[in-house]
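Chemist: Handing you this structure, nothing more for now.
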Amino acid sequence: MLRRLRRWTVTSLALLTMAAGVTVGSQSDAWAATSATINASTRLQPIDGFGFSEHWRADIMRGSQGLSAQKQREVLDLLLSRSTGAGMSILRLGIDSGIQPTDPGGPNATPRYVWDRDDNGQVWLAQQAKAYGVNRFYGDAWSAPGYMKTNGSSANGGTLCGLAGAGCASGDWRRAYADYLVQWARFYAQEGIRITDLGFVNEPDYTATYDSMRLTPAQAVEFTKVFGPVANAAGHKVVCCDSFGWNQQKNYTSAIEADPTARNLVATHAGHTYASPVDGPLPTGRRTWMSEWSPNGTTWNENWDDGSGYDGFTVASAVHDALTKGNTNGYIYWYGASVGATRGLIQLDGDNYRVSKRLWAIANYSRFIRPGSTRIGATTSDAALKLSAYHNTDGSLTVVALNASTSATPVSFSLRNTGFTTGTATPYLTNGSNSTARQAPIAVSGGSLTATVPARSLVTYTIKR
């Protein structure tokens, strides 16, 4: 039987002063506070994790352009540490034609695979991530090798030979490509990395001058029925289709869901948000990931809230929308670290690096919302207060509040059906002056707590007994 919870407010003026921007409201403050309800009886989507990619950039992080071992460790800590960094829990790896760079003589010829145990630095990065506790590795192919495609190149689009509408003189490469992808994952297993999730295409509705391959939704369904049994037999979950827009991905997801065979073979539907943002769930009951995005921008930007559209506040809003509008189970940013005018989280420059507030925008989610947690109900009448809440597997509760208002907002949180009548809430603040900075703890009593979320700020409350 659920225990009845009573509402309370914190009265300590001393804690008000100590909270440094994340204040505990006094009893008089509570009367004017915005009401928010966290309700664990409303169970929403499970969380697989948060991640990033370093495809084409892993070797730079490893030090190919001068990053020293000490700075390398600092960058890895920023991305992967659960105590001082973002605590990312998914690493997305890119698959290219490196393991079979030349045509073995046709789709039925014995494959001539090669393995350099490096994969452009990605093996090293995966091993580093594993040492930090990451166990979710998503391998995704931008293209089949050129000799398997209609245009004879890994770049500039083209379609996999053998699919409907894609006949080639060289024959039907569908099964050979499926075997190729599984072999890539097998090579990683030899290096101690278990590829948990495997995708066969990236942005199939976009032609790029670099590695890219076009597939229609119908062709994606067709190949899923070839690839799925091979991947599943090898122990991999199939991901499809990483469209370049969320609305565009709905077309691929709908096509897969309409085919009873393909529907049972795809474990995760993934889409990007370049062409269109998350505006609602994908049309499936399977897992869904926002699997790649970084905001548009032409210069390096470290700011939290400057109205540029590629600051930290923009990224925090996008993560919130993916979780609450899209009900996504996973969120994967594009580059964790890159060079030049990057929209990545970290800018690398020789033996130096700089950190954007974009990193801390994600860290307020990724460090505290762990794989296996469940999103639960979080409601408020204040439209400017973007709330979400999660039950973690260790029994802790995480509440994330993004205040889009230009004024500080006192909030009275009622914790219903959570099991928390007493405890401690520790706030972590990100804004122009703070980067996932721990604040003074707040007592939970009677199943409630009152705090003030500063203007244009992101606060994560971790609640424990």
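Scheme for the structure tokens: letters A, B, ... for chains in order shown; per-chain residue numbers from 1; ligand numbers from 1 in order shown.
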As a PDB file with C-alpha atoms, in the first residue's frame, please: the residues near Arg117 in chain A (cut-off 8 Å, only C-alpha atoms, same-chain neighbours under 6 positions excluded).

Modeler:
ATOM      1  CA  VAL A 123      39.745   0.684 -30.966  1.00  0.00           C
ATOM      2  CA  PHE A 187      37.348  -7.928 -34.965  1.00  0.00           C
ATOM      3  CA  GLU A 191      40.231  -6.462 -28.940  1.00  0.00           C
TER       4      GLU A 191
END

Chemist: Per DSSP on the backbone, what are the alpha helix (DSSP H) residues of range 152-363 of chain A, as a ChimeraX atom specification?

Modeler: /A:174-190,217-233,246-258,260-265,312-324,357-363

Chemist: Write a file of the selected residues as a PDB file, in the first residue's frame, keeping C-alpha atoms.

Modeler:
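Contents of part19.pdb, as written:
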ATOM      1  CA  ARG A 174      23.396  -7.947 -49.862  1.00  0.00           C
ATOM      2  CA  ARG A 175      24.523 -11.039 -47.923  1.00  0.00           C
ATOM      3  CA  ALA A 176      28.196 -10.197 -48.419  1.00  0.00           C
ATOM      4  CA  TYR A 177      27.593  -6.770 -46.890  1.00  0.00           C
ATOM      5  CA  ALA A 178      25.744  -8.285 -43.926  1.00  0.00           C
ATOM      6  CA  ASP A 179      28.671 -10.652 -43.323  1.00  0.00           C
ATOM      7  CA  TYR A 180      31.091  -7.739 -43.674  1.00  0.00           C
ATOM      8  CA  LEU A 181      29.401  -5.759 -40.902  1.00  0.00           C
ATOM      9  CA  VAL A 182      29.343  -8.710 -38.529  1.00  0.00           C
ATOM     10  CA  GLN A 183      33.008  -9.412 -39.261  1.00  0.00           C
ATOM     11  CA  TRP A 184      33.875  -5.819 -38.297  1.00  0.00           C
ATOM     12  CA  ALA A 185      32.187  -6.417 -34.942  1.00  0.00           C
ATOM     13  CA  ARG A 186      34.017  -9.730 -34.590  1.00  0.00           C
ATOM     14  CA  PHE A 187      37.348  -7.928 -34.965  1.00  0.00           C
ATOM     15  CA  TYR A 188      36.374  -5.574 -32.145  1.00  0.00           C
ATOM     16  CA  ALA A 189      35.526  -8.563 -29.969  1.00  0.00           C
ATOM     17  CA  GLN A 190      39.096  -9.765 -30.479  1.00  0.00           C
ATOM     18  CA  PRO A 217      12.467   3.084 -46.699  1.00  0.00           C
ATOM     19  CA  ALA A 218      11.452   0.066 -48.790  1.00  0.00           C
ATOM     20  CA  GLN A 219      15.098  -0.838 -49.450  1.00  0.00           C
ATOM     21  CA  ALA A 220      15.886  -0.450 -45.724  1.00  0.00           C
ATOM     22  CA  VAL A 221      13.119  -2.959 -44.980  1.00  0.00           C
ATOM     23  CA  GLU A 222      14.480  -5.310 -47.644  1.00  0.00           C
ATOM     24  CA  PHE A 223      18.024  -5.250 -46.300  1.00  0.00           C
ATOM     25  CA  THR A 224      16.853  -5.546 -42.704  1.00  0.00           C
ATOM     26  CA  LYS A 225      15.425  -8.947 -43.615  1.00  0.00           C
ATOM     27  CA  VAL A 226      18.844 -10.019 -44.942  1.00  0.00           C
ATOM     28  CA  PHE A 227      20.995  -8.405 -42.271  1.00  0.00           C
ATOM     29  CA  GLY A 228      18.816  -8.921 -39.206  1.00  0.00           C
ATOM     30  CA  PRO A 229      19.114 -12.715 -38.911  1.00  0.00           C
ATOM     31  CA  VAL A 230      22.899 -12.552 -39.462  1.00  0.00           C
ATOM     32  CA  ALA A 231      23.388  -9.796 -36.870  1.00  0.00           C
ATOM     33  CA  ASN A 232      21.032 -11.325 -34.320  1.00  0.00           C
ATOM     34  CA  ALA A 233      22.713 -14.730 -34.637  1.00  0.00           C
ATOM     35  CA  TRP A 246      13.550  13.109 -36.970  1.00  0.00           C
ATOM     36  CA  ASN A 247      10.468  13.502 -39.147  1.00  0.00           C
ATOM     37  CA  GLN A 248      12.297  11.829 -42.025  1.00  0.00           C
ATOM     38  CA  GLN A 249      13.152   8.885 -39.765  1.00  0.00           C
ATOM     39  CA  LYS A 250       9.432   8.384 -39.171  1.00  0.00           C
ATOM     40  CA  ASN A 251       9.140   7.222 -42.805  1.00  0.00           C
ATOM     41  CA  TYR A 252      11.752   4.516 -42.244  1.00  0.00           C
ATOM     42  CA  THR A 253      10.290   3.466 -38.910  1.00  0.00           C
ATOM     43  CA  SER A 254       6.777   3.284 -40.378  1.00  0.00           C
ATOM     44  CA  ALA A 255       7.991   1.108 -43.258  1.00  0.00           C
ATOM     45  CA  ILE A 256       9.750  -1.296 -40.889  1.00  0.00           C
ATOM     46  CA  GLU A 257       6.758  -1.463 -38.557  1.00  0.00           C
ATOM     47  CA  ALA A 258       4.493  -2.268 -41.508  1.00  0.00           C
ATOM     48  CA  PRO A 260       6.030  -8.157 -39.749  1.00  0.00           C
ATOM     49  CA  THR A 261       9.422  -9.750 -40.439  1.00  0.00           C
ATOM     50  CA  ALA A 262      11.459  -6.540 -40.382  1.00  0.00           C
ATOM     51  CA  ARG A 263       9.577  -5.278 -37.328  1.00  0.00           C
ATOM     52  CA  ASN A 264      10.822  -8.184 -35.253  1.00  0.00           C
ATOM     53  CA  LEU A 265      14.424  -7.789 -36.411  1.00  0.00           C
ATOM     54  CA  GLY A 312      24.817  25.312 -24.051  1.00  0.00           C
ATOM     55  CA  PHE A 313      21.217  26.321 -23.382  1.00  0.00           C
ATOM     56  CA  THR A 314      20.258  25.228 -26.907  1.00  0.00           C
ATOM     57  CA  VAL A 315      21.751  21.783 -26.342  1.00  0.00           C
ATOM     58  CA  ALA A 316      20.091  21.415 -22.936  1.00  0.00           C
ATOM     59  CA  SER A 317      16.719  22.253 -24.516  1.00  0.00           C
ATOM     60  CA  ALA A 318      17.297  19.704 -27.285  1.00  0.00           C
ATOM     61  CA  VAL A 319      18.129  16.935 -24.809  1.00  0.00           C
ATOM     62  CA  HIS A 320      15.035  17.777 -22.779  1.00  0.00           C
ATOM     63  CA  ASP A 321      12.813  17.670 -25.873  1.00  0.00           C
ATOM     64  CA  ALA A 322      14.241  14.346 -27.020  1.00  0.00           C
ATOM     65  CA  LEU A 323      13.518  12.786 -23.638  1.00  0.00           C
ATOM     66  CA  THR A 324      10.108  14.329 -23.002  1.00  0.00           C
ATOM     67  CA  LYS A 357      29.075  24.781 -22.105  1.00  0.00           C
ATOM     68  CA  ARG A 358      27.508  22.263 -24.481  1.00  0.00           C
ATOM     69  CA  LEU A 359      29.414  19.592 -22.562  1.00  0.00           C
ATOM     70  CA  TRP A 360      27.945  20.649 -19.228  1.00  0.00           C
ATOM     71  CA  ALA A 361      24.467  20.932 -20.728  1.00  0.00           C
ATOM     72  CA  ILE A 362      24.633  17.218 -21.503  1.00  0.00           C
ATOM     73  CA  ALA A 363      26.505  16.359 -18.290  1.00  0.00           C
TER      74      ALA A 363
END

Chemist: Under the rule of at most 10 Å, produce a per-residue listing of range 281-384 of chain A near range 442-456 of chain A: chain, number, name, the closest pair of atoms, and the distance in Å, as a tab-separated table, using only C-alpha atoms.

Modeler:
residue	atom	partner	partner_atom	distance
A:Trp304	CA	A:Arg456	CA	9.2
A:Asp305	CA	A:Arg456	CA	7.6
A:Phe313	CA	A:Arg456	CA	7.8
A:Ala384	CA	A:Arg456	CA	9.6

Chemist: Print the selection's residues with N, CA and C atoms to a file, as a PDB file, in the first residue's frame.

Modeler:
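Okay, part.pdb is ready:
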ATOM      1  N   TRP A 304      27.115  29.763 -22.565  1.00  0.00           N
ATOM      2  CA  TRP A 304      25.949  29.054 -22.060  1.00  0.00           C
ATOM      3  C   TRP A 304      24.663  29.541 -22.713  1.00  0.00           C
ATOM      4  N   ASP A 305      24.483  30.854 -22.822  1.00  0.00           N
ATOM      5  CA  ASP A 305      23.176  31.368 -23.227  1.00  0.00           C
ATOM      6  C   ASP A 305      23.357  32.709 -23.939  1.00  0.00           C
ATOM      7  N   PHE A 313      22.652  26.339 -23.652  1.00  0.00           N
ATOM      8  CA  PHE A 313      21.217  26.321 -23.382  1.00  0.00           C
ATOM      9  C   PHE A 313      20.457  25.640 -24.519  1.00  0.00           C
ATOM     10  N   ALA A 384       7.567  27.680 -18.587  1.00  0.00           N
ATOM     11  CA  ALA A 384       8.979  28.036 -18.739  1.00  0.00           C
ATOM     12  C   ALA A 384       9.896  27.106 -17.965  1.00  0.00           C
TER      13      ALA A 384
END

Chemist: At a cut-off of 6 Å, using only C-alpha atoms, what residues contact Ile90 in chain A? Leave out same-chain residues fewer than 4 positions from it and give the result as a ChimeraX atom specification.

Modeler: /A:50-51,136-137

Chemist: Within 9 Å of Val75 in chain A, counting only C-alpha atoms, which residues qualify if same-chain residues fewer than 6 places away don't, as a list in words?

Modeler: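 Returned residues: Met61, Ala337, Ile346 and Tyr353 of chain A.
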
Chemist: I'd like the contact shell of Arg57 in chain A - 12 Å cut-off, only C-alpha atoms, skipping same-chain residues fewer than 6 positions apart - returned as a PyMOL selection string.

Modeler: chain A and resi 63-65+93-94+119-122+124-125+334-340+342+344+346-348

Chemist: Provide the CA of Ala164 in chain A to CA of Thr216 in chain A distance in Å, to one decimal place.

Modeler: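 CA of Ala164 in chain A sits 9.9 Å away from CA of Thr216 in chain A.
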
Chemist: Ranking A:Asn202, A:Asn296, A:Thr284, A:Ser170 by minimum distance to Gly309 in chain A and counting only C-alpha atoms, which one comes first?

Modeler: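 Smallest separation from Gly309 in chain A among the options: A:Asn296.
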
Chemist: Using only C-alpha atoms, find the one residue out of A:Gly98, A:Lys71, A:Asn301, A:Gly105 that sits nearest to Val355 in chain A.

Modeler: A:Asn301

Chemist: Report as JSON, numbers by chain all protein, DNA and RNA residues lying within 10 Å of Thr380 in chain A, evaluated on only C-alpha atoms, omitting residues in the same chain fewer than 6 positions from it.

Modeler: {"A": [34, 35, 36, 37, 38, 386, 387, 411, 412, 413]}

Chemist: Limited to C-alpha atoms, could you put the picked residues into a file as a CSV table (one decimal), in the first residue's frame?

Modeler:
chain,number,residue,atom,x,y,z
A,34,THR,CA,5.6,27.1,-8.5
A,35,SER,CA,4.1,23.7,-7.8
A,36,ALA,CA,5.8,20.6,-9.4
A,37,THR,CA,4.8,17.0,-9.0
A,38,ILE,CA,7.2,14.1,-9.4
A,386,LYS,CA,11.2,22.2,-18.3
A,387,LEU,CA,11.1,19.3,-16.0
A,411,VAL,CA,9.6,25.6,-7.0
A,412,SER,CA,7.9,23.3,-4.5
A,413,PHE,CA,8.4,19.7,-5.5

Chemist: Determine, counting only C-alpha atoms, which protein, DNA and RNA residues have an atom within 10 Å of an atom of His391 in chain A; residues of the same chain fewer than 6 positions away are not included. Present the result as a PyMOL selection string.

Modeler: chain A and resi 40+43+46-47+369-370+372-376+397-399+418+463

Chemist: With distances taken over only C-alpha atoms, which of A:Val278, A:Met290, A:Leu67, A:Ala144 is nearest to Gly158 in chain A?

Modeler: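 Closest to Gly158 in chain A, using only C-alpha atoms: A:Ala144.
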
Chemist: Figure out the distance between CA of Tyr206 in chain A and CA of Gly157 in chain A, please, to one decimal in Å.

Modeler: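 Spanning CA of Gly157 in chain A to CA of Tyr206 in chain A is a straight-line distance of 7.6 Å.
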
Chemist: If you run DSSP over the backbone, which residues in range 115-219 of chain A end up strand (DSSP E)? Put them as a ChimeraX atom specification.

Modeler: /A:136-141,197-199
